[in-house]
Every structure is written in structure tokens, then in C-alpha cells.
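Peer 1: A single structure is presented below for examination.
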Amino acid sequence: MDGQLVNGGIVVAYLVSMLLFGWWGKSRTKNNSDYLVAGRRLGGVLYTGTMAAVVLGGASTVGGVGLGYKFGISGMWLVVAIGTGVLVLSLFFAPTLQRLKIYTVAQMLTLRYGVSATKVSGIVMLAYTLMLCATSTGAYATILVVLFGWERWLAITVGGAIVLIYSTIGGMWSITLADMAQFVIKTIGVFLLMLPFSFARAGGLEGIRHRVDESFFDITGIGVQTIITYFVVYTLGLLIGQDIWQRVFTARTPQVARWGGTTAGVYCILYGVAGALIGMAASVVLPNIDVTDDVYADVAINILPIGIGGLVLAAAVAAMMSTASGALIAAATVAKADVVPFVRSWFGKPIHHEHGENPEHDVQGSRWYVLGLGVLVIALAIVVQDVVAALTISYDILVGGLLIPIIGGLLWKRGTGLGAAAAMAVGTVVTLATMIVLEVNAENQYDGVYANEPIYYGLIAALVAYFAVSLLSRRTDPAVITAWDRRVAGAVTEEVPVEGPEDVPTAKPHGAP
């Protein structure tokens, strides 16, 4: 009991410190750019830490250890796929994205294609970021339930309120400072505490080898199909997620975005290996754990000394909170920049840009978006029991419907707005239709909503539609391409308005003069 009190006290101290970061971040927040993308001035150290923190959430930390417990060293592949996604994004796309001076994925699509049809992508991105935030909120609440014996709804409310407060007060600056602290805590907790203590108790690598099945040391033991799926889902998903792009926009220079992100990607891969090794050691020391998601907490409580275990539990909470806060600020940015203006346009309402207004009023407006969506996320996490299913559906639509138009726009000059719109529509419809068919005929959950086929079929259909319609339709207006090329080259230094872009050239329809 004394040990639990000490561990709980450490977690409480960590939660209080998160609120302090909120006030600290507020002092650095003067305008919307500060609030939404940390003023676009993060250097290498802060950028690396915050990028690693946002991608390494509960699935990577608690889930990665659990996979190592069940499958051995091949349990690393989920987190390795995430790290690979960060590497690919950073090496090939991040410098371009940083130079665009935008806030959202939908703004990139509008700038590149010059058509309003791509703005519907904001609705998909909003659904995805809300579900990601709700899932992370429910995940860290489970640790609070174990530590303090609270009801689930109370744990979600208290934990969610803390994330909501520091995110609302200081925006991306508060989240960046909190994420940096979370990055340090996770690094110490996983690499310097859990890994050496669990290995010492298990008798080192040789002790583990003599007491586990030989398959635990098979790099593909989890299954080749599963490994491929991890890369399709997580690597590709990371390339286009608003929560990840928004961290790219915080980089001071294209070089910071590239090399800071590359460092974060390497760190993620090492993190995945460490998690799998911890799980392997735990399978020897604590062989009778039925639920693999409990392995992380059991290691902290039963293997680590009192106090150190509390720090490790705080590391798990940190991992999940960093993902939740990143998703929340992303959801608010998408809602403000893309979804609300898009919906207003249906009713002929003009879009009000931020230019010329009091910067503090701009920030206050953004705070209201974060606050409102944060309350909605807490309610979702409490009321919706199967948030993971909702996240899976959102993730499938995100990848199946948006990956091809986004990557195509960055890599293929012949891609057109009609091709992008067709790919989004066809990819989304095929993904959803496949999911429905599989769900109706499902013999278990992995044949239905959680199946991998919807993403595969959606991607193939979107790819065919994008190339076919782009080649058959008129080329994008040269004025749009010229404006795009100037931004990609860094020749345009002003930021696209938060509610926009409405001032870019628009592609003419086929046959227009």
C-alpha cells in the first residue's frame, strides 16, 4: 500500500507539472501562429522531442511492451513501422511542408490543386483527430483507475481536464513544453529504468533465451502479414495525419524539419526494440499475465523499486497525454481553418480572415475551439465504449481516401483537382463498402471493422481513379502551379490565413476560357 501511495504521488506531481507548463506556454503565445504552430520557430532539440512524443503514444509504449511479452523480439514491428513513417516523412516531405507556411492538410490540397472539392478532406481529418484524442484519453485513464481506484468516468474527466487546461491556455507552446518533459520522462522510464531492471531480474539475454520458446528470437515471429499491415497502416498513416503535419509546421527551418524528424524516427525505432525486449524479460519474470496491455503496469509495480515504478507509470501517462494533446490541437486547427469555413460556404456565408484583427482576439478564438472540442472528446471517451472501432473506421478512411491525393500532389505535377477529388471519393466509398461487407459476413472482429482489406482495396481504387481522371482531365491552371511552385521553393514567406486559403488562383473547369 505504501508503495502504491508513493507511485501515485509521483504521478500526481507529474500531472500538476503539466498544468504549470500550460501557464509557461501562455507567456510565449502572442498570436495564432504561436498558438497553433509554436510560432514556427522550434529548434532541433525541441522539435525532435515533441515529434517523438506525439507519435509514441499508448499503443507504442504499453502496447509495444505487451507485444514483446506475447511475441518476443518481433513485437517491435508496430513501433518500428511508426518510426519508419517518421523517417520517410522527414527525409522526403517535411522540408517541403515546412516551406508552405500552412496550418492544415486541406490547405495544402487547396494550394496544390486550386479546387474547393478537396476541402471535404477537413471533415475526414476532424473525425480522425477527434477519435485519436478520445482513444488516448480513455487509455491514460486506465492507469489512473489502477493507481487511485477511481471509476472510469472520473479518471477520464480528471485526466482529460488536465490535458484540456494546459492545451487551451498555451496552445502549441504549452503542448511543446509538456511534450519535451514527456519525452525526457519516457526516455528515462523505458531506456534507463525498465530495460535494465527487467533484464537484471530475468538473468540477462542468456537467462531469457533459456526460459522462453525459440520463436521469441525470430524477427518475423509475429507473422509476415502482420508486419506488412503495420507498415501499410502506421507508416502510410503517419505521412498524412494532421497531428503529425502540425508538428512539422513548428520547425524553424526545412533543415530542422528534416534532420530533427530523422532523429525522432531513429529514436522511435530504438524505442520499439526496447519495448519488445522489456516484454520478453517480463514474460520470464511475470509469466502468468493474461492481458498483455497490463504487462507495462505490472513491470512498474512488481519489478521496479518503489518510486521508480511511479516514474515509469508517469511515463506511460506521458506517452498517452502527448498523443491526446497533439490530436486535440490538430482537431481545433482543422475545425477552425477548414471545416467551419467550408460549412459556412454552404449557406453563402463569407469567410472572415484573421488579417488586421487583434492578435490576442485571434488566439482567444482558437482557445474556444480547443476548449469546445476538448469537452466533446471527454464526453466521447466516457459515453462511447468502442472508441477504438470509431478510430479504426476514421483511420481507414483517412488512408484509403486521402493518402493518394496528398502524396500524388507532392510528387506528380500532372495530378489534377478532378483526379484528387475522384481519388478521395472512390477511395472512401470502396474502403467503407469493403468494411461493411466484411462486417456483415464477419466470423470474428478481425474479419469486420478491424480487417486490413478495406485499406488495401481503398488505396488501390484511389490510385487507379487518381491517375485515370488526372490524365483524362485538363491540366491544373498554370497560375495555380506557379503559385504552388513558389511556395515549395520558399519564395513566399507570408503564412496562409488560418481560415483559408481563399486568395490562391482557382483551377478552371474543363472547357473554360
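Labels used: A, B, ... for chains in the order of the C-alpha cells, numbers from 1 for residues in each chain, and numbers from 1 for ligands as shown.
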Mind listing the alpha helix (DSSP H) residues of stretch 82-272 of chain A, per DSSP on the backbone, as a ChimeraX atom specification?
Peer 2: /A:82-88,94-100,105-113,121-148,152-187,195-202,204-211,224-230,236-240,242-248,254-255,261-272
Peer 1: Neighbouring residues of A:Trp24 were defined as those with any atom within 9 Å, considering only C-alpha atoms; residues of the same chain fewer than 3 positions away were excluded. Please report them as a ChimeraX atom specification.
Peer 2: /A:19-21,27-28,170,173-174,177
Peer 1: How would the residues just chosen look if you wrote them out with all heavy atoms as a PDB file, in the first residue's frame?
Peer 2:
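Saved to result-v8.pdb:
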```
ATOM      1  N   LEU A  19       0.106  21.225 -15.719  1.00  0.00           N
ATOM      2  CA  LEU A  19      -0.640  22.477 -15.618  1.00  0.00           C
ATOM      3  C   LEU A  19       0.305  23.677 -15.594  1.00  0.00           C
ATOM      4  O   LEU A  19       0.005  24.724 -16.177  1.00  0.00           O
ATOM      5  CB  LEU A  19      -1.510  22.458 -14.360  1.00  0.00           C
ATOM      6  CG  LEU A  19      -2.588  21.368 -14.305  1.00  0.00           C
ATOM      7  CD1 LEU A  19      -3.320  21.403 -12.972  1.00  0.00           C
ATOM      8  CD2 LEU A  19      -3.578  21.539 -15.456  1.00  0.00           C
ATOM      9  N   LEU A  20       1.446  23.519 -14.944  1.00  0.00           N
ATOM     10  CA  LEU A  20       2.424  24.607 -14.897  1.00  0.00           C
ATOM     11  C   LEU A  20       2.983  24.906 -16.286  1.00  0.00           C
ATOM     12  O   LEU A  20       3.241  26.059 -16.631  1.00  0.00           O
ATOM     13  CB  LEU A  20       3.565  24.244 -13.936  1.00  0.00           C
ATOM     14  CG  LEU A  20       3.156  24.059 -12.467  1.00  0.00           C
ATOM     15  CD1 LEU A  20       4.364  23.642 -11.634  1.00  0.00           C
ATOM     16  CD2 LEU A  20       2.537  25.337 -11.912  1.00  0.00           C
ATOM     17  N   PHE A  21       3.157  23.856 -17.089  1.00  0.00           N
ATOM     18  CA  PHE A  21       3.625  24.072 -18.460  1.00  0.00           C
ATOM     19  C   PHE A  21       2.603  24.881 -19.252  1.00  0.00           C
ATOM     20  O   PHE A  21       2.960  25.630 -20.166  1.00  0.00           O
ATOM     21  CB  PHE A  21       3.904  22.734 -19.153  1.00  0.00           C
ATOM     22  CG  PHE A  21       5.220  22.116 -18.765  1.00  0.00           C
ATOM     23  CD1 PHE A  21       5.271  20.867 -18.189  1.00  0.00           C
ATOM     24  CD2 PHE A  21       6.403  22.802 -18.986  1.00  0.00           C
ATOM     25  CE1 PHE A  21       6.484  20.297 -17.825  1.00  0.00           C
ATOM     26  CE2 PHE A  21       7.625  22.240 -18.633  1.00  0.00           C
ATOM     27  CZ  PHE A  21       7.660  20.987 -18.052  1.00  0.00           C
ATOM     28  N   SER A  27       2.747  32.505 -21.743  1.00  0.00           N
ATOM     29  CA  SER A  27       3.576  33.702 -21.818  1.00  0.00           C
ATOM     30  C   SER A  27       4.265  33.848 -23.170  1.00  0.00           C
ATOM     31  O   SER A  27       4.712  34.935 -23.533  1.00  0.00           O
ATOM     32  CB  SER A  27       4.628  33.679 -20.703  1.00  0.00           C
ATOM     33  OG  SER A  27       5.555  32.612 -20.913  1.00  0.00           O
ATOM     34  N   ARG A  28       4.358  32.766 -23.937  1.00  0.00           N
ATOM     35  CA  ARG A  28       5.027  32.799 -25.240  1.00  0.00           C
ATOM     36  C   ARG A  28       4.034  32.886 -26.387  1.00  0.00           C
ATOM     37  O   ARG A  28       4.427  32.862 -27.552  1.00  0.00           O
ATOM     38  CB  ARG A  28       5.903  31.554 -25.405  1.00  0.00           C
ATOM     39  CG  ARG A  28       6.847  31.311 -24.246  1.00  0.00           C
ATOM     40  CD  ARG A  28       7.936  30.328 -24.601  1.00  0.00           C
ATOM     41  NE  ARG A  28       8.835  30.864 -25.615  1.00  0.00           N
ATOM     42  CZ  ARG A  28      10.007  30.333 -25.940  1.00  0.00           C
ATOM     43  NH1 ARG A  28      10.434  29.252 -25.307  1.00  0.00           N
ATOM     44  NH2 ARG A  28      10.762  30.853 -26.874  1.00  0.00           N
ATOM     45  N   GLY A 170      -2.168  27.576 -23.364  1.00  0.00           N
ATOM     46  CA  GLY A 170      -0.974  27.973 -24.112  1.00  0.00           C
ATOM     47  C   GLY A 170      -0.853  27.418 -25.509  1.00  0.00           C
ATOM     48  O   GLY A 170       0.115  27.712 -26.215  1.00  0.00           O
ATOM     49  N   TRP A 173       2.583  26.001 -27.830  1.00  0.00           N
ATOM     50  CA  TRP A 173       3.755  26.233 -26.994  1.00  0.00           C
ATOM     51  C   TRP A 173       3.670  25.414 -25.707  1.00  0.00           C
ATOM     52  O   TRP A 173       4.635  24.778 -25.290  1.00  0.00           O
ATOM     53  CB  TRP A 173       3.918  27.718 -26.654  1.00  0.00           C
ATOM     54  CG  TRP A 173       4.795  28.451 -27.607  1.00  0.00           C
ATOM     55  CD1 TRP A 173       4.445  29.489 -28.420  1.00  0.00           C
ATOM     56  CD2 TRP A 173       6.172  28.186 -27.902  1.00  0.00           C
ATOM     57  NE1 TRP A 173       5.516  29.892 -29.196  1.00  0.00           N
ATOM     58  CE2 TRP A 173       6.594  29.114 -28.894  1.00  0.00           C
ATOM     59  CE3 TRP A 173       7.107  27.262 -27.431  1.00  0.00           C
ATOM     60  CZ2 TRP A 173       7.887  29.146 -29.404  1.00  0.00           C
ATOM     61  CZ3 TRP A 173       8.397  27.288 -27.938  1.00  0.00           C
ATOM     62  CH2 TRP A 173       8.779  28.206 -28.905  1.00  0.00           C
ATOM     63  N   SER A 174       2.506  25.415 -25.063  1.00  0.00           N
ATOM     64  CA  SER A 174       2.334  24.605 -23.849  1.00  0.00           C
ATOM     65  C   SER A 174       2.498  23.129 -24.160  1.00  0.00           C
ATOM     66  O   SER A 174       3.141  22.380 -23.412  1.00  0.00           O
ATOM     67  CB  SER A 174       0.952  24.854 -23.235  1.00  0.00           C
ATOM     68  OG  SER A 174       0.840  26.165 -22.768  1.00  0.00           O
ATOM     69  N   LEU A 177       6.220  22.274 -24.700  1.00  0.00           N
ATOM     70  CA  LEU A 177       6.967  22.191 -23.445  1.00  0.00           C
ATOM     71  C   LEU A 177       6.585  20.941 -22.662  1.00  0.00           C
ATOM     72  O   LEU A 177       7.448  20.249 -22.103  1.00  0.00           O
ATOM     73  CB  LEU A 177       6.710  23.447 -22.615  1.00  0.00           C
ATOM     74  CG  LEU A 177       7.217  24.764 -23.225  1.00  0.00           C
ATOM     75  CD1 LEU A 177       6.693  25.953 -22.433  1.00  0.00           C
ATOM     76  CD2 LEU A 177       8.737  24.785 -23.287  1.00  0.00           C
TER      77      LEU A 177
END
```
Peer 1: What does the distance between atom CA of A:Gly415 and atom CA of A:Ile481 come to in Å, to one decimal place?
Peer 2: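 For atom CA of A:Gly415 relative to atom CA of A:Ile481, the distance reads 10.7 Å.
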Peer 1: Let me make sure I understand: among A:Ile219, A:Leu459, A:Val256, A:Leu56, which one has the smallest atom-to-atom distance to A:Pro95 if we use only C-alpha atoms?
Peer 2: A:Val256
Peer 1: Determine, counting only C-alpha atoms, which protein, DNA and RNA residues have an atom within 12 Å of an atom of A:Val469; residues of the same chain fewer than 5 positions away are not included. Present the result as a ChimeraX atom specification.
Peer 2: /A:405,414-424,426,461-464,474-475
Peer 1: Tell me which protein, DNA and RNA residues are within 10 Å of A:Thr493, counting only C-alpha atoms, leaving out same-chain ones fewer than 4 positions away, and put them as a PyMOL selection string.
Peer 2: chain A and resi 99-101+486-487
Peer 1: Could you please take those selected residues and save N, CA, C and O atoms as an mmCIF file, in the first residue's frame?
Peer 2:
```
data_model
loop_
_atom_site.group_PDB
_atom_site.id
_atom_site.type_symbol
_atom_site.label_atom_id
_atom_site.label_comp_id
_atom_site.auth_asym_id
_atom_site.auth_seq_id
_atom_site.Cartn_x
_atom_site.Cartn_y
_atom_site.Cartn_z
ATOM 1 N N ARG A 99 8.054 24.691 -45.770
ATOM 2 C CA ARG A 99 8.153 25.897 -46.590
ATOM 3 C C ARG A 99 6.787 26.423 -47.033
ATOM 4 O O ARG A 99 6.669 27.593 -47.418
ATOM 5 N N LEU A 100 5.760 25.588 -46.995
ATOM 6 C CA LEU A 100 4.445 26.017 -47.481
ATOM 7 C C LEU A 100 3.800 27.079 -46.596
ATOM 8 O O LEU A 100 2.917 27.812 -47.048
ATOM 9 N N LYS A 101 4.179 27.145 -45.315
ATOM 10 C CA LYS A 101 3.622 28.115 -44.363
ATOM 11 C C LYS A 101 2.097 27.991 -44.276
ATOM 12 O O LYS A 101 1.357 28.968 -44.411
ATOM 13 N N ARG A 486 6.207 28.386 -56.224
ATOM 14 C CA ARG A 486 6.855 29.454 -55.474
ATOM 15 C C ARG A 486 6.832 29.158 -53.971
ATOM 16 O O ARG A 486 7.800 29.431 -53.264
ATOM 17 N N ARG A 487 5.738 28.609 -53.490
ATOM 18 C CA ARG A 487 5.667 28.253 -52.065
ATOM 19 C C ARG A 487 6.611 27.097 -51.743
ATOM 20 O O ARG A 487 7.294 27.102 -50.725
#
```
Peer 1: I need the residue nearest A:Val55 from this list: A:Val184, A:Leu195, A:Ile10, A:Cys268. Use only C-alpha atoms for the distance.
Peer 2: A:Cys268
Peer 1: Using only C-alpha atoms, determine which residues lie at most 7 Å from stretch 143-157 of chain A, disregarding the query and same-chain residues fewer than 3 positions distant; provide the list as a list in words.
Peer 2: Gln4, Gly8, Thr137, Gly138, Tyr140, Gly160, Ala161, Ile378 and Ile382 of chain A
Peer 1: Between atom CA of A:Thr250 and atom CA of A:Val37, measure the distance and give it in Å to one decimal.
Peer 2: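 For atom CA of A:Thr250 relative to atom CA of A:Val37, the distance reads 4.8 Å.
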Peer 1: I'd like the neighbourhood of stretch 312-321 of chain A as a ChimeraX atom specification, where a residue qualifies if any of its atoms comes within 8 Å (using only C-alpha atoms), though same-chain residues fewer than 2 positions away should be ignored.
Peer 2: /A:7,10-11,14,53-54,56-58,61-62,136-137,139-140,143,163,179,182-183,185-186,189-190,193-194,297,300,308-310,323-325
Peer 1: Skip A:Val232 itself and residues of its chain fewer than 2 positions away, then list as a PyMOL selection string all residues within 10 Å of it, counting only C-alpha atoms.
Peer 2: chain A and resi 81+85+226-230+234-237+399+452+455-456
Peer 1: Could you save those same residues with C-alpha atoms as a compact mmCIF listing (two decimals), in the first residue's frame?
Peer 2:
```
# COMPACT_ATOMS: atom_id res chain seq x y z
CA ALA A 81 6.62 0.94 -38.56
CA GLY A 85 6.81 6.65 -41.11
CA THR A 226 1.03 -8.63 -39.65
CA ILE A 227 4.34 -6.85 -40.23
CA ILE A 228 3.22 -5.74 -43.70
CA THR A 229 -0.07 -4.49 -42.24
CA TYR A 230 1.75 -2.42 -39.62
CA TYR A 234 1.01 3.13 -39.48
CA THR A 235 3.79 4.16 -41.88
CA LEU A 236 1.38 5.44 -44.53
CA GLY A 237 -0.97 6.96 -41.95
CA VAL A 399 -5.55 6.43 -45.50
CA ASN A 452 -6.97 -4.94 -43.18
CA ILE A 455 -7.40 -0.06 -46.60
CA TYR A 456 -5.82 -2.22 -49.31
```
Peer 1: Looking at only C-alpha atoms, which of A:Tyr450, A:Tyr369, A:Phe216, A:Trp346 is the one that sits closest to A:Gly75?
Peer 2: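 When distances to A:Gly75 are compared using only C-alpha atoms, the smallest one comes from A:Phe216.
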Peer 1: Which residue is closest to A:Thr392? Choose from A:Phe467, A:Tyr113, A:Tyr128, A:Tyr69 and count only C-alpha atoms.
Peer 2: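 Looking only at the distances to A:Thr392, the closest residue turns out to be A:Tyr128.
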